[in-house]
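Visitor: Take this structure, written in structure tokens, and hold onto it; I'll ask about it next.
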Amino acid sequence: MLNESRIDPKIIEEVLKFSKNVIDAPKFVSAPDEINLEVTPHKVVQEIDKTRLLHYKPVIETKHKTPLLISYALINRFHILDIHPEKSWVRNLLEQGFEVYMLDWGTPTSMDKYLDFDDYVNGYLDSSIEFIKNKSSTEKISLQGYCTGATIATAYTALHPENVKNYIATAPVIDGWKDTTVISNLAKHMDADKMVDTIGNMPPEFMYYCFSVLKPFEQGIEKYIKFFKNIDDKKFVDNFLRVEKWLGDTPPIPGELFKQWIKDIYQENLLIQNKMYVADQLIDLKKIDMPMFTQVAVGDHLVSPECSMPLHYAVGSTDKTLKIYPTGHVGMIASSLSQKKVLPEMGKWLAERS
Amino acid sequence: MSSKPQALTSIGPMRAFAANSKKIAVELIEINENLVGFNQYMTEYYKQLSNTWGIAQKKVNLKAPKIPQDAEQIEAVKRIWIDIFDNDFTELFDSKKFGNNYGNLVSKELELTKHWNNITNVILQSVNLPSKEEIDEVYKEIHSLKKRVSKLELELKKEKRKNAK
């Protein structure tokens, strides 16, 4: 008698369907350059070097007097905050009646290797805020920083508190020693001086390596299995490709800025100890005395909550709120949770103070 | 007599060629020395990855059923496999031993790049082109000038706004 092994017909069906989906994929998938990530209409109102200041077109009548400037991270691009009309951080804020600006840091080249914290904080960010103040005839604006953009915004707010009415820090990189992520471990063991002296700017390839070691099996295998399983779901494919295009588009980080970042934030942890200097100015977090709203995500594996939360306790503000969300780094800004919970809560807080 | 061909290389147009050849030879020798260190760290890097893989796979074997019988079981095995592998590899990437070795590996790679840059500089200078250091000096000067101009422009704008009030 033959010992027959029984195979569940469902398995064969699934394997066949999966194979068909892989073959059909090119029919459903657009080329990366066909995907336009800038979804909400905007105007470029100021350009300095490679940076651009974007002003978003209102979708309803502006309800709040104080404009909001978003300082996006230096890793990848600002598009994640406007990745899809249904998940757009920017659009949601416009729908809540805010006037929104975004600072796009652009793509530094070898020539920009000497750009440092001072250029970003007292140069590009200060110039943008000065422009917005002039344009909207206000003395102060609301500032939001995301991820590494929040570190720059935090330094700015501590040095120029007179220009910031409300400060929102979303997953800010603050306390490098408390950061429990893989990125922080790599940063702590890096010879930043040698890297910058030898190759100038921090190359995007290094960031891709860092991304690849974050949940490598979930992100490197499961994610693509899901993609092929859902290849005929137009909405899923569209969302997937937008995020993939965003993930694969990382600009280099200027050498001097990167060097100070690694040494001052991750290796010596100067910012949270009020010992960090930008040019010759000491950053004292106690000088942040305006209303402040901090947002962190429990599942953040890029900037752990332990790294962000100390900011809430270190500032001088009396009117301060800390919100913790059950999501990840990107989930906090581009997901249905961000649309249904994170943004309405932030909008309500900001509206009361704008 | 025998010293004459050597003497030839130390005078006239051959002098630069001899000096450059020596510099390049020294860089190549140092590249070889660095390669030894680089290979050691690289071997350790793959050893760490392969050990972690082996341990994670053993954990999966203990937890997952021998032969999945249906689609649900395949899905369950896949989930167990991904969770265990992600946990074990994250633990590795988060460890001091990985951080140290990876830092050293990158450092050795940078040293190799530096030697390559030095060789390129010798070649660039031999054809009267600026070296990397000279270009960097120009970049630094441009950066410093741009910074000064930007600060002055910003100050001027702020002053104008103050006066307009």
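Just remember, in the structure tokens the first chain shown is A, the second B, etc., residues are 1-based per chain, and ligands are 1-based in the order shown.
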Could you give me, as an NGL selection string, the residues within 9 Å of A:Ile83, counting only C-alpha atoms and dropping anything in the same chain fewer than 3 positions from it?
Guide: :A and (37-39 or 78-80 or 86-89 or 239 or 242-243 or 246 or 334)
Visitor: Near chain A, meaning an atom within 7 Å, which residues of chain B appear when counting only C-alpha atoms? Write them as an mmCIF file with C-alpha atoms, in the first residue's frame.
Guide:
data_model
loop_
_atom_site.group_PDB
_atom_site.id
_atom_site.type_symbol
_atom_site.label_atom_id
_atom_site.label_comp_id
_atom_site.auth_asym_id
_atom_site.auth_seq_id
_atom_site.Cartn_x
_atom_site.Cartn_y
_atom_site.Cartn_z
ATOM 1 C CA GLN B 69 -1.175 20.062 7.025
ATOM 2 C CA ASP B 70 -3.293 22.919 5.730
ATOM 3 C CA ALA B 71 -3.198 26.564 4.671
ATOM 4 C CA ILE B 82 8.980 35.716 11.102
ATOM 5 C CA PHE B 85 13.705 35.605 13.343
ATOM 6 C CA ASP B 86 12.782 39.279 13.764
ATOM 7 C CA THR B 90 16.810 42.627 16.388
ATOM 8 C CA PHE B 93 21.585 44.260 15.875
ATOM 9 C CA ASP B 94 20.893 45.872 19.245
ATOM 10 C CA GLY B 99 27.639 47.462 17.181
ATOM 11 C CA ASN B 100 31.368 47.212 17.890
ATOM 12 C CA GLY B 103 31.566 50.058 13.616
ATOM 13 C CA SER B 107 35.819 52.092 9.794
ATOM 14 C CA LEU B 110 36.461 53.987 5.152
ATOM 15 C CA LYS B 114 40.757 56.926 2.053
ATOM 16 C CA TYR B 139 33.676 74.237 -0.744
ATOM 17 C CA LYS B 140 34.508 75.411 2.769
ATOM 18 C CA HIS B 143 30.022 77.724 2.508
ATOM 19 C CA LEU B 154 18.254 87.815 7.239
#
Visitor: Pick out the residues sitting within 8 Å of stretch 126-128 of chain B, and hand them over as a list in words; count only C-alpha atoms, and ignore anything fewer than 2 positions along from it in its own chain.
Guide: Ala16, Asn20, Val122, Ile123, Leu124 and Pro130 of chain B
Visitor: Atoms to include: C-alpha atoms. Write the selected residues as a PDB file, in the first residue's frame.
Guide:
ATOM      1  CA  ALA B  16      57.599  63.493 -10.318  1.00  0.00           C
ATOM      2  CA  ASN B  20      54.178  59.461  -7.531  1.00  0.00           C
ATOM      3  CA  VAL B 122      48.278  61.625  -6.765  1.00  0.00           C
ATOM      4  CA  ILE B 123      46.894  61.022 -10.250  1.00  0.00           C
ATOM      5  CA  LEU B 124      44.899  64.279 -10.225  1.00  0.00           C
ATOM      6  CA  PRO B 130      42.969  70.060  -7.967  1.00  0.00           C
TER       7      PRO B 130
END
Visitor: Taking into account only C-alpha atoms, which residue in the set B:Glu111, B:Asp88, B:Glu72, B:Glu137 is nearest to B:Glu30?
Guide: B:Glu111
Visitor: Check the DSSP output for the backbone and give back, as a PDB file with N, CA and C atoms, in the first residue's frame, the residues of stretch 12-192 of chain A in alpha helix (DSSP H).
Guide:
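Written output follows (selection_31.pdb):
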ATOM      1  N   ILE A  12      -2.715  24.379  -2.587  1.00  0.00           N
ATOM      2  CA  ILE A  12      -2.417  24.403  -4.029  1.00  0.00           C
ATOM      3  C   ILE A  12      -3.065  25.636  -4.665  1.00  0.00           C
ATOM      4  N   GLU A  13      -4.301  25.882  -4.241  1.00  0.00           N
ATOM      5  CA  GLU A  13      -5.030  27.036  -4.781  1.00  0.00           C
ATOM      6  C   GLU A  13      -4.281  28.343  -4.474  1.00  0.00           C
ATOM      7  N   GLU A  14      -3.817  28.439  -3.227  1.00  0.00           N
ATOM      8  CA  GLU A  14      -3.106  29.668  -2.826  1.00  0.00           C
ATOM      9  C   GLU A  14      -1.783  29.829  -3.555  1.00  0.00           C
ATOM     10  N   VAL A  15      -1.062  28.703  -3.712  1.00  0.00           N
ATOM     11  CA  VAL A  15       0.228  28.766  -4.415  1.00  0.00           C
ATOM     12  C   VAL A  15       0.006  29.199  -5.865  1.00  0.00           C
ATOM     13  N   LEU A  16      -1.031  28.616  -6.487  1.00  0.00           N
ATOM     14  CA  LEU A  16      -1.309  28.963  -7.885  1.00  0.00           C
ATOM     15  C   LEU A  16      -1.709  30.433  -8.017  1.00  0.00           C
ATOM     16  N   LYS A  17      -2.544  30.889  -7.067  1.00  0.00           N
ATOM     17  CA  LYS A  17      -3.001  32.290  -7.118  1.00  0.00           C
ATOM     18  C   LYS A  17      -1.817  33.239  -6.917  1.00  0.00           C
ATOM     19  N   PHE A  18      -0.950  32.869  -5.960  1.00  0.00           N
ATOM     20  CA  PHE A  18       0.214  33.712  -5.674  1.00  0.00           C
ATOM     21  C   PHE A  18       1.125  33.797  -6.914  1.00  0.00           C
ATOM     22  N   SER A  19       1.346  32.631  -7.552  1.00  0.00           N
ATOM     23  CA  SER A  19       2.202  32.621  -8.745  1.00  0.00           C
ATOM     24  C   SER A  19       1.595  33.483  -9.846  1.00  0.00           C
ATOM     25  N   LYS A  20       0.274  33.382  -9.993  1.00  0.00           N
ATOM     26  CA  LYS A  20      -0.397  34.165 -11.033  1.00  0.00           C
ATOM     27  C   LYS A  20      -0.237  35.667 -10.733  1.00  0.00           C
ATOM     28  N   ASN A  21      -0.393  35.997  -9.437  1.00  0.00           N
ATOM     29  CA  ASN A  21      -0.250  37.408  -9.044  1.00  0.00           C
ATOM     30  C   ASN A  21       1.138  37.940  -9.343  1.00  0.00           C
ATOM     31  N   VAL A  22       2.174  37.099  -9.099  1.00  0.00           N
ATOM     32  CA  VAL A  22       3.553  37.538  -9.371  1.00  0.00           C
ATOM     33  C   VAL A  22       3.706  37.808 -10.870  1.00  0.00           C
ATOM     34  N   ILE A  23       3.120  36.911 -11.689  1.00  0.00           N
ATOM     35  CA  ILE A  23       3.226  37.083 -13.153  1.00  0.00           C
ATOM     36  C   ILE A  23       2.459  38.335 -13.604  1.00  0.00           C
ATOM     37  N   ASP A  24       1.283  38.545 -12.960  1.00  0.00           N
ATOM     38  CA  ASP A  24       0.433  39.680 -13.368  1.00  0.00           C
ATOM     39  C   ASP A  24       0.927  41.026 -12.831  1.00  0.00           C
ATOM     40  N   ALA A  25       1.821  40.990 -11.850  1.00  0.00           N
ATOM     41  CA  ALA A  25       2.214  42.226 -11.155  1.00  0.00           C
ATOM     42  C   ALA A  25       2.569  43.388 -12.095  1.00  0.00           C
ATOM     43  N   PRO A  26       3.402  43.135 -13.155  1.00  0.00           N
ATOM     44  CA  PRO A  26       3.767  44.282 -14.007  1.00  0.00           C
ATOM     45  C   PRO A  26       2.561  45.000 -14.626  1.00  0.00           C
ATOM     46  N   LYS A  27       1.419  44.287 -14.759  1.00  0.00           N
ATOM     47  CA  LYS A  27       0.229  44.929 -15.352  1.00  0.00           C
ATOM     48  C   LYS A  27      -0.384  45.955 -14.395  1.00  0.00           C
ATOM     49  N   PHE A  28      -0.252  45.694 -13.092  1.00  0.00           N
ATOM     50  CA  PHE A  28      -0.919  46.541 -12.103  1.00  0.00           C
ATOM     51  C   PHE A  28      -0.016  47.609 -11.478  1.00  0.00           C
ATOM     52  N   TRP A  89      -1.444  64.179   6.306  1.00  0.00           N
ATOM     53  CA  TRP A  89      -1.326  64.975   7.535  1.00  0.00           C
ATOM     54  C   TRP A  89      -1.648  66.442   7.207  1.00  0.00           C
ATOM     55  N   VAL A  90      -1.048  66.919   6.109  1.00  0.00           N
ATOM     56  CA  VAL A  90      -1.206  68.309   5.702  1.00  0.00           C
ATOM     57  C   VAL A  90      -2.667  68.613   5.374  1.00  0.00           C
ATOM     58  N   ARG A  91      -3.272  67.745   4.571  1.00  0.00           N
ATOM     59  CA  ARG A  91      -4.649  67.971   4.142  1.00  0.00           C
ATOM     60  C   ARG A  91      -5.591  68.028   5.336  1.00  0.00           C
ATOM     61  N   ASN A  92      -5.359  67.110   6.284  1.00  0.00           N
ATOM     62  CA  ASN A  92      -6.198  67.075   7.477  1.00  0.00           C
ATOM     63  C   ASN A  92      -6.118  68.407   8.233  1.00  0.00           C
ATOM     64  N   LEU A  93      -4.919  68.940   8.352  1.00  0.00           N
ATOM     65  CA  LEU A  93      -4.754  70.220   9.063  1.00  0.00           C
ATOM     66  C   LEU A  93      -5.435  71.357   8.295  1.00  0.00           C
ATOM     67  N   LEU A  94      -5.341  71.296   6.954  1.00  0.00           N
ATOM     68  CA  LEU A  94      -6.005  72.319   6.139  1.00  0.00           C
ATOM     69  C   LEU A  94      -7.514  72.228   6.336  1.00  0.00           C
ATOM     70  N   GLU A  95      -8.014  70.986   6.408  1.00  0.00           N
ATOM     71  CA  GLU A  95      -9.458  70.787   6.606  1.00  0.00           C
ATOM     72  C   GLU A  95      -9.924  71.263   7.984  1.00  0.00           C
ATOM     73  N   PHE A 117      24.504  72.358  11.942  1.00  0.00           N
ATOM     74  CA  PHE A 117      23.291  72.655  12.721  1.00  0.00           C
ATOM     75  C   PHE A 117      22.928  74.142  12.630  1.00  0.00           C
ATOM     76  N   ASP A 118      23.967  74.969  12.682  1.00  0.00           N
ATOM     77  CA  ASP A 118      23.742  76.413  12.642  1.00  0.00           C
ATOM     78  C   ASP A 118      23.016  76.806  11.347  1.00  0.00           C
ATOM     79  N   ASP A 126      15.144  79.653  10.502  1.00  0.00           N
ATOM     80  CA  ASP A 126      14.892  81.038  10.929  1.00  0.00           C
ATOM     81  C   ASP A 126      14.402  81.876   9.745  1.00  0.00           C
ATOM     82  N   SER A 127      15.008  81.697   8.563  1.00  0.00           N
ATOM     83  CA  SER A 127      14.585  82.463   7.377  1.00  0.00           C
ATOM     84  C   SER A 127      13.141  82.133   7.012  1.00  0.00           C
ATOM     85  N   SER A 128      12.785  80.854   7.136  1.00  0.00           N
ATOM     86  CA  SER A 128      11.407  80.454   6.792  1.00  0.00           C
ATOM     87  C   SER A 128      10.426  81.102   7.762  1.00  0.00           C
ATOM     88  N   ILE A 129      10.776  81.091   9.039  1.00  0.00           N
ATOM     89  CA  ILE A 129       9.866  81.667  10.038  1.00  0.00           C
ATOM     90  C   ILE A 129       9.749  83.182   9.834  1.00  0.00           C
ATOM     91  N   GLU A 130      10.859  83.803   9.487  1.00  0.00           N
ATOM     92  CA  GLU A 130      10.843  85.240   9.223  1.00  0.00           C
ATOM     93  C   GLU A 130       9.929  85.534   8.027  1.00  0.00           C
ATOM     94  N   PHE A 131      10.020  84.678   6.999  1.00  0.00           N
ATOM     95  CA  PHE A 131       9.176  84.862   5.805  1.00  0.00           C
ATOM     96  C   PHE A 131       7.690  84.760   6.186  1.00  0.00           C
ATOM     97  N   ILE A 132       7.361  83.726   6.980  1.00  0.00           N
ATOM     98  CA  ILE A 132       5.950  83.499   7.342  1.00  0.00           C
ATOM     99  C   ILE A 132       5.432  84.660   8.209  1.00  0.00           C
ATOM    100  N   LYS A 133       6.276  85.123   9.120  1.00  0.00           N
ATOM    101  CA  LYS A 133       5.874  86.244   9.980  1.00  0.00           C
ATOM    102  C   LYS A 133       5.547  87.472   9.126  1.00  0.00           C
ATOM    103  N   ASN A 134       6.398  87.722   8.149  1.00  0.00           N
ATOM    104  CA  ASN A 134       6.173  88.872   7.257  1.00  0.00           C
ATOM    105  C   ASN A 134       4.899  88.706   6.458  1.00  0.00           C
ATOM    106  N   LYS A 135       4.752  87.505   5.900  1.00  0.00           N
ATOM    107  CA  LYS A 135       3.628  87.239   5.004  1.00  0.00           C
ATOM    108  C   LYS A 135       2.302  87.326   5.755  1.00  0.00           C
ATOM    109  N   SER A 136       2.258  86.792   6.977  1.00  0.00           N
ATOM    110  CA  SER A 136       0.965  86.739   7.660  1.00  0.00           C
ATOM    111  C   SER A 136       0.822  87.831   8.728  1.00  0.00           C
ATOM    112  N   THR A 148      13.799  63.736  13.153  1.00  0.00           N
ATOM    113  CA  THR A 148      15.005  64.563  13.253  1.00  0.00           C
ATOM    114  C   THR A 148      14.672  66.035  12.993  1.00  0.00           C
ATOM    115  N   GLY A 149      13.576  66.274  12.277  1.00  0.00           N
ATOM    116  CA  GLY A 149      13.128  67.664  12.064  1.00  0.00           C
ATOM    117  C   GLY A 149      12.708  68.284  13.384  1.00  0.00           C
ATOM    118  N   ALA A 150      12.277  67.437  14.320  1.00  0.00           N
ATOM    119  CA  ALA A 150      11.875  67.944  15.636  1.00  0.00           C
ATOM    120  C   ALA A 150      13.103  68.292  16.472  1.00  0.00           C
ATOM    121  N   THR A 151      14.226  67.654  16.210  1.00  0.00           N
ATOM    122  CA  THR A 151      15.445  68.007  16.939  1.00  0.00           C
ATOM    123  C   THR A 151      15.874  69.412  16.511  1.00  0.00           C
ATOM    124  N   ILE A 152      15.816  69.645  15.201  1.00  0.00           N
ATOM    125  CA  ILE A 152      16.167  70.978  14.686  1.00  0.00           C
ATOM    126  C   ILE A 152      15.181  72.009  15.224  1.00  0.00           C
ATOM    127  N   ALA A 153      13.881  71.657  15.193  1.00  0.00           N
ATOM    128  CA  ALA A 153      12.850  72.583  15.680  1.00  0.00           C
ATOM    129  C   ALA A 153      13.004  72.837  17.181  1.00  0.00           C
ATOM    130  N   THR A 154      13.411  71.811  17.931  1.00  0.00           N
ATOM    131  CA  THR A 154      13.606  71.983  19.373  1.00  0.00           C
ATOM    132  C   THR A 154      14.757  72.958  19.632  1.00  0.00           C
ATOM    133  N   ALA A 155      15.850  72.765  18.892  1.00  0.00           N
ATOM    134  CA  ALA A 155      16.992  73.679  19.043  1.00  0.00           C
ATOM    135  C   ALA A 155      16.559  75.108  18.701  1.00  0.00           C
ATOM    136  N   TYR A 156      15.771  75.236  17.626  1.00  0.00           N
ATOM    137  CA  TYR A 156      15.313  76.568  17.214  1.00  0.00           C
ATOM    138  C   TYR A 156      14.437  77.198  18.302  1.00  0.00           C
ATOM    139  N   THR A 157      13.493  76.409  18.798  1.00  0.00           N
ATOM    140  CA  THR A 157      12.535  76.932  19.776  1.00  0.00           C
ATOM    141  C   THR A 157      13.251  77.373  21.057  1.00  0.00           C
ATOM    142  N   ALA A 158      14.307  76.630  21.439  1.00  0.00           N
ATOM    143  CA  ALA A 158      15.059  77.010  22.638  1.00  0.00           C
ATOM    144  C   ALA A 158      15.866  78.292  22.398  1.00  0.00           C
ATOM    145  N   LEU A 159      16.337  78.463  21.156  1.00  0.00           N
ATOM    146  CA  LEU A 159      17.161  79.646  20.868  1.00  0.00           C
ATOM    147  C   LEU A 159      16.332  80.878  20.504  1.00  0.00           C
ATOM    148  N   VAL A 182      17.759  49.991  17.115  1.00  0.00           N
ATOM    149  CA  VAL A 182      18.942  49.473  16.425  1.00  0.00           C
ATOM    150  C   VAL A 182      19.758  50.643  15.839  1.00  0.00           C
ATOM    151  N   ILE A 183      19.061  51.646  15.335  1.00  0.00           N
ATOM    152  CA  ILE A 183      19.736  52.803  14.731  1.00  0.00           C
ATOM    153  C   ILE A 183      20.630  53.484  15.761  1.00  0.00           C
ATOM    154  N   SER A 184      20.101  53.605  16.981  1.00  0.00           N
ATOM    155  CA  SER A 184      20.887  54.251  18.028  1.00  0.00           C
ATOM    156  C   SER A 184      22.130  53.412  18.351  1.00  0.00           C
ATOM    157  N   ASN A 185      21.983  52.082  18.349  1.00  0.00           N
ATOM    158  CA  ASN A 185      23.135  51.204  18.614  1.00  0.00           C
ATOM    159  C   ASN A 185      24.218  51.392  17.545  1.00  0.00           C
ATOM    160  N   LEU A 186      23.796  51.470  16.269  1.00  0.00           N
ATOM    161  CA  LEU A 186      24.778  51.663  15.189  1.00  0.00           C
ATOM    162  C   LEU A 186      25.434  53.036  15.315  1.00  0.00           C
ATOM    163  N   ALA A 187      24.613  54.031  15.656  1.00  0.00           N
ATOM    164  CA  ALA A 187      25.133  55.409  15.757  1.00  0.00           C
ATOM    165  C   ALA A 187      26.162  55.529  16.880  1.00  0.00           C
ATOM    166  N   LYS A 188      25.910  54.820  17.983  1.00  0.00           N
ATOM    167  CA  LYS A 188      26.816  54.916  19.132  1.00  0.00           C
ATOM    168  C   LYS A 188      28.199  54.327  18.830  1.00  0.00           C
ATOM    169  N   ALA A 192      32.082  58.920  13.336  1.00  0.00           N
ATOM    170  CA  ALA A 192      31.480  59.936  12.459  1.00  0.00           C
ATOM    171  C   ALA A 192      32.543  60.839  11.839  1.00  0.00           C
TER     172      ALA A 192
END
Visitor: Hey, can you check how far atom CA of B:Lys157 sits from atom CA of A:Leu53?
Guide: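 Separation between atom CA of B:Lys157 and atom CA of A:Leu53: 16.7 Å.
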